[in-house]
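Asks: Just dropping this structure here.
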Amino acid sequence: HRDWCDLHDLMNSALHKLERELAHHVVTVELPADFPLVKIDYGLIEQAFMNLLHNASLYTPPGSKIDIRASIEDQNLVVTVTDNGPGFPKEALPRVFEKFYRVPGTGTGGTGLGLSIVKGFVEVHDGTITVQNMPDGGARFVVRLPTEFQHTQQQILEDHG
């Protein structure tokens, strides 16, 4: 169910719900104050970002950085979630979004469904998700969602007031 959403609210809600899990990490959010409303399914996309952030909290050491950035590129909402943890083994990268896949050597727990759920929720929006290892360590997930954008009432008043 797509509706107009404030991405600030969505990210704040996801971070609040994961407050305990993220307590030992340094989380930064770069989202312009004047970011337009986006037309998405709030619940699905919030859960997708919660899964990404929860994974980052599980598979990076305490004190690791987790950066969230959002932008608009070519009529797409683009959100990146980057950490400075160990990243993924090269051979695991093509498989991380498969159902029940767990990176060899990771601790027990979880079902191996978190990232496949993220992929499913993103694809329902006709979007894509990719992952890559960063040159200096860590992983970056990039979510691209084609969507409509709308200025908030305050932005409309400022532009035309």
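The chains in the structure tokens are called A, B, ... from first to last as shown; in each chain the residues are counted from 1, and the ligands are counted from 1 in the order shown.
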Quick one: residues within 8 Å of range 85-96 of chain A, only C-alpha atoms, excluding same-chain residues fewer than 3 positions away - as number ranges by chain?
Replies: A: 59-61, 64-65, 101-103, 115-116, 131-134, 137-139
Asks: Using only C-alpha atoms, which of the listed residues (A:Val78, A:Ala48, A:Ala70, A:Val118) sits closest to Pro146 in chain A?
Replies: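 Of all the options, A:Val78 lies closest to Pro146 in chain A.
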Asks: Quick one: residues within 9 Å of Gln47 in chain A, only C-alpha atoms, excluding same-chain residues fewer than 6 positions away - as a VMD selection string?
Replies: chain A and resid 14 117 to 118 121
Asks: Would you kindly return, as a list in words, each protein, DNA or RNA residue with an atom no farther than 8 Å from any atom of Val81 in chain A, considering only C-alpha atoms and excluding same-chain residues fewer than 6 positions away?
Replies: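 Near neighbours after the sequence-gap exclusion: Leu52, Leu53, Ile66, Asp67, Ile68, Arg69, Arg140, Phe141 and Val142 of chain A.
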Asks: Given the selection you just returned, output its residues as a file containing all heavy atoms, formatted as a compact mmCIF listing (two decimals), in the first residue's frame.
Replies:
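The file below, again22.txt, is the result:
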```txt
# COMPACT_ATOMS: atom_id res chain seq x y z
N LEU A 52 18.20 -4.37 7.50
CA LEU A 52 19.56 -3.98 7.13
C LEU A 52 20.33 -3.49 8.35
O LEU A 52 21.49 -3.87 8.57
CB LEU A 52 19.55 -2.89 6.06
CG LEU A 52 19.16 -3.31 4.66
CD1 LEU A 52 19.07 -2.09 3.74
CD2 LEU A 52 20.13 -4.34 4.09
N LEU A 53 19.70 -2.64 9.15
CA LEU A 53 20.36 -2.08 10.32
C LEU A 53 20.61 -3.15 11.39
O LEU A 53 21.66 -3.17 12.04
CB LEU A 53 19.54 -0.93 10.90
CG LEU A 53 19.46 0.30 10.00
CD1 LEU A 53 18.38 1.26 10.51
CD2 LEU A 53 20.81 0.99 9.91
N ILE A 66 27.87 2.96 11.44
CA ILE A 66 26.82 2.62 10.47
C ILE A 66 26.31 3.95 9.93
O ILE A 66 25.81 4.78 10.70
CB ILE A 66 25.68 1.81 11.11
CG1 ILE A 66 26.21 0.51 11.72
CG2 ILE A 66 24.58 1.53 10.08
CD1 ILE A 66 25.21 -0.24 12.58
N ASP A 67 26.47 4.16 8.64
CA ASP A 67 26.05 5.40 8.00
C ASP A 67 24.85 5.15 7.11
O ASP A 67 24.85 4.20 6.30
CB ASP A 67 27.18 5.99 7.15
CG ASP A 67 28.37 6.40 7.99
OD1 ASP A 67 28.16 7.02 9.05
OD2 ASP A 67 29.52 6.10 7.59
N ILE A 68 23.85 6.01 7.22
CA ILE A 68 22.65 5.94 6.39
C ILE A 68 22.58 7.25 5.62
O ILE A 68 22.64 8.33 6.21
CB ILE A 68 21.38 5.78 7.26
CG1 ILE A 68 21.52 4.57 8.18
CG2 ILE A 68 20.14 5.70 6.38
CD1 ILE A 68 20.54 4.57 9.33
N ARG A 69 22.44 7.16 4.30
CA ARG A 69 22.34 8.35 3.47
C ARG A 69 21.20 8.16 2.48
O ARG A 69 21.00 7.07 1.95
CB ARG A 69 23.63 8.59 2.69
CG ARG A 69 24.78 8.93 3.58
CD ARG A 69 25.99 9.30 2.80
NE ARG A 69 27.03 9.69 3.75
CZ ARG A 69 28.30 9.64 3.51
NH1 ARG A 69 28.72 9.23 2.33
NH2 ARG A 69 29.17 10.01 4.41
N ARG A 140 28.52 -2.01 1.95
CA ARG A 140 27.55 -0.97 1.59
C ARG A 140 26.40 -1.62 0.84
O ARG A 140 26.59 -2.30 -0.16
CB ARG A 140 28.18 0.09 0.71
CG ARG A 140 27.11 1.08 0.17
CD ARG A 140 27.70 2.22 -0.63
NE ARG A 140 28.37 3.09 0.33
CZ ARG A 140 29.37 3.89 0.01
NH1 ARG A 140 29.83 3.93 -1.23
NH2 ARG A 140 29.91 4.66 0.92
N PHE A 141 25.19 -1.38 1.36
CA PHE A 141 23.97 -1.78 0.70
C PHE A 141 23.38 -0.54 0.04
O PHE A 141 23.31 0.52 0.67
CB PHE A 141 22.97 -2.36 1.70
CG PHE A 141 23.36 -3.70 2.24
CD1 PHE A 141 24.18 -3.81 3.35
CD2 PHE A 141 22.91 -4.86 1.63
CE1 PHE A 141 24.55 -5.05 3.85
CE2 PHE A 141 23.27 -6.11 2.11
CZ PHE A 141 24.09 -6.20 3.23
N VAL A 142 22.95 -0.68 -1.20
CA VAL A 142 22.34 0.43 -1.93
C VAL A 142 20.94 0.00 -2.36
O VAL A 142 20.79 -0.96 -3.11
CB VAL A 142 23.17 0.86 -3.16
CG1 VAL A 142 22.49 2.01 -3.89
CG2 VAL A 142 24.59 1.24 -2.75
```
Asks: Between A:Val38, A:Ala33, A:Asp3, A:Val124, single out the one closest to Gln75 in chain A, counting only C-alpha atoms.
Replies: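 That would be A:Val38, the residue with the smallest distance to Gln75 in chain A.
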Asks: Go through chain A and collect every residue that DSSP, computed from the backbone, puts in helix (DSSP H, G or I); the answer should be as an NGL selection string.
Replies: :A and (7-17 or 42-59 or 90-95 or 114-124 or 153-160)
Asks: Include C-alpha atoms and write out the residues we just selected as a compact mmCIF listing (two decimals), in the first residue's frame.
Replies:
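So out.txt came out as:
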```txt
# COMPACT_ATOMS: atom_id res chain seq x y z
CA LEU A 7 11.59 9.49 5.12
CA HIS A 8 12.78 11.31 8.27
CA ASP A 9 9.89 9.74 10.20
CA LEU A 10 10.53 6.30 8.72
CA MET A 11 14.25 6.34 9.59
CA ASN A 12 13.64 7.73 13.08
CA SER A 13 11.04 5.03 13.72
CA ALA A 14 13.36 2.25 12.51
CA LEU A 15 16.25 3.57 14.62
CA HIS A 16 14.02 3.91 17.68
CA LYS A 17 12.77 0.33 17.33
CA TYR A 42 5.87 2.71 4.81
CA GLY A 43 5.59 -0.60 6.67
CA LEU A 44 7.49 -2.67 4.10
CA ILE A 45 10.30 -0.16 3.63
CA GLU A 46 10.63 0.47 7.36
CA GLN A 47 10.99 -3.30 7.88
CA ALA A 48 13.53 -3.51 5.06
CA PHE A 49 15.71 -0.85 6.67
CA MET A 50 15.25 -2.40 10.10
CA ASN A 51 16.54 -5.71 8.71
CA LEU A 52 19.56 -3.98 7.13
CA LEU A 53 20.36 -2.08 10.32
CA HIS A 54 19.82 -5.14 12.53
CA ASN A 55 22.22 -7.16 10.36
CA ALA A 56 24.79 -4.37 10.60
CA SER A 57 24.46 -4.40 14.39
CA LEU A 58 24.89 -8.19 14.53
CA TYR A 59 27.83 -8.60 12.18
CA LYS A 90 34.09 -12.38 -1.76
CA GLU A 91 32.44 -15.72 -2.54
CA ALA A 92 29.43 -14.84 -0.34
CA LEU A 93 28.52 -11.57 -2.09
CA PRO A 94 26.46 -13.13 -4.92
CA ARG A 95 24.45 -15.19 -2.40
CA GLY A 114 16.60 -11.13 6.80
CA LEU A 115 18.30 -9.99 3.59
CA SER A 116 16.03 -12.05 1.34
CA ILE A 117 13.06 -10.29 2.96
CA VAL A 118 14.72 -6.93 2.30
CA LYS A 119 15.18 -7.88 -1.35
CA GLY A 120 11.54 -8.97 -1.62
CA PHE A 121 10.20 -5.75 -0.10
CA VAL A 122 12.43 -3.66 -2.37
CA GLU A 123 11.43 -5.62 -5.48
CA VAL A 124 7.71 -5.21 -4.65
CA GLN A 153 3.25 21.75 2.70
CA GLN A 154 5.98 23.76 4.44
CA GLN A 155 8.24 23.52 1.36
CA ILE A 156 5.38 24.60 -0.92
CA LEU A 157 4.66 27.59 1.31
CA GLU A 158 8.35 28.54 1.41
CA ASP A 159 8.66 28.23 -2.40
CA HIS A 160 5.52 30.25 -3.12
```
Asks: For the atom pair CA of Pro36 in chain A and CA of Glu73 in chain A, what is the interatomic distance in Å to one decimal place?
Replies: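 Atom-to-atom, CA of Pro36 in chain A and CA of Glu73 in chain A are spaced 12.8 Å apart.
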Asks: What's around Trp4 in chain A at 7 Å? Count only C-alpha atoms, leave out sequence neighbours fewer than 3 positions away in its own chain, and write the answer as a list in words.
Replies: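 Contacts, in chain order: Leu37, Val38, Lys39 and Ile40 of chain A.
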Asks: Go through A:Glu21, A:Glu30, A:Asp6, A:Asp41 and flag the residue nearest Asp126 in chain A, using only C-alpha atoms for the distances.
Replies: A:Asp41
Asks: Kindly give the distance, in Å, that separates CA of Leu77 in chain A and CA of Thr147 in chain A, rounded to a single decimal.
Replies: 6.7 Å
Asks: Would you please work out which residue, of A:Ser71, A:Asn84, A:Phe149, A:Val79, is nearest to Thr130 in chain A when using only C-alpha atoms?
Replies: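 Looking at the shortest contact to Thr130 in chain A, the residue is A:Val79.
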Asks: Could you find all residues in range 56-128 of chain A that DSSP calls strand (DSSP E or B) from the backbone, and write them as number ranges by chain?
Replies: A: 65-73, 76-83, 128
Asks: Please dump the current selection as a PDB file, in the first residue's frame; keep C-alpha atoms.
Replies:
```pdb
ATOM      1  CA  LYS A  65      30.079   3.000  12.373  1.00  0.00           C
ATOM      2  CA  ILE A  66      26.825   2.623  10.469  1.00  0.00           C
ATOM      3  CA  ASP A  67      26.050   5.402   7.998  1.00  0.00           C
ATOM      4  CA  ILE A  68      22.650   5.937   6.394  1.00  0.00           C
ATOM      5  CA  ARG A  69      22.338   8.352   3.466  1.00  0.00           C
ATOM      6  CA  ALA A  70      19.395   9.196   1.235  1.00  0.00           C
ATOM      7  CA  SER A  71      19.214  11.084  -2.030  1.00  0.00           C
ATOM      8  CA  ILE A  72      17.152  11.396  -5.169  1.00  0.00           C
ATOM      9  CA  GLU A  73      18.801  10.276  -8.396  1.00  0.00           C
ATOM     10  CA  ASN A  76      14.698   7.139  -7.711  1.00  0.00           C
ATOM     11  CA  LEU A  77      14.920   7.219  -3.967  1.00  0.00           C
ATOM     12  CA  VAL A  78      18.440   5.988  -3.214  1.00  0.00           C
ATOM     13  CA  VAL A  79      19.334   4.966   0.319  1.00  0.00           C
ATOM     14  CA  THR A  80      22.727   3.576   1.290  1.00  0.00           C
ATOM     15  CA  VAL A  81      23.547   1.756   4.504  1.00  0.00           C
ATOM     16  CA  THR A  82      27.293   1.468   5.014  1.00  0.00           C
ATOM     17  CA  ASP A  83      29.241  -0.041   7.884  1.00  0.00           C
ATOM     18  CA  THR A 128      16.782  -2.975  -6.584  1.00  0.00           C
TER      19      THR A 128
END
```
Asks: For a test of reading the model, state the distance in Å between CA of Cys5 in chain A and CA of Phe35 in chain A, rounded to one decimal.
Replies: 10.7 Å
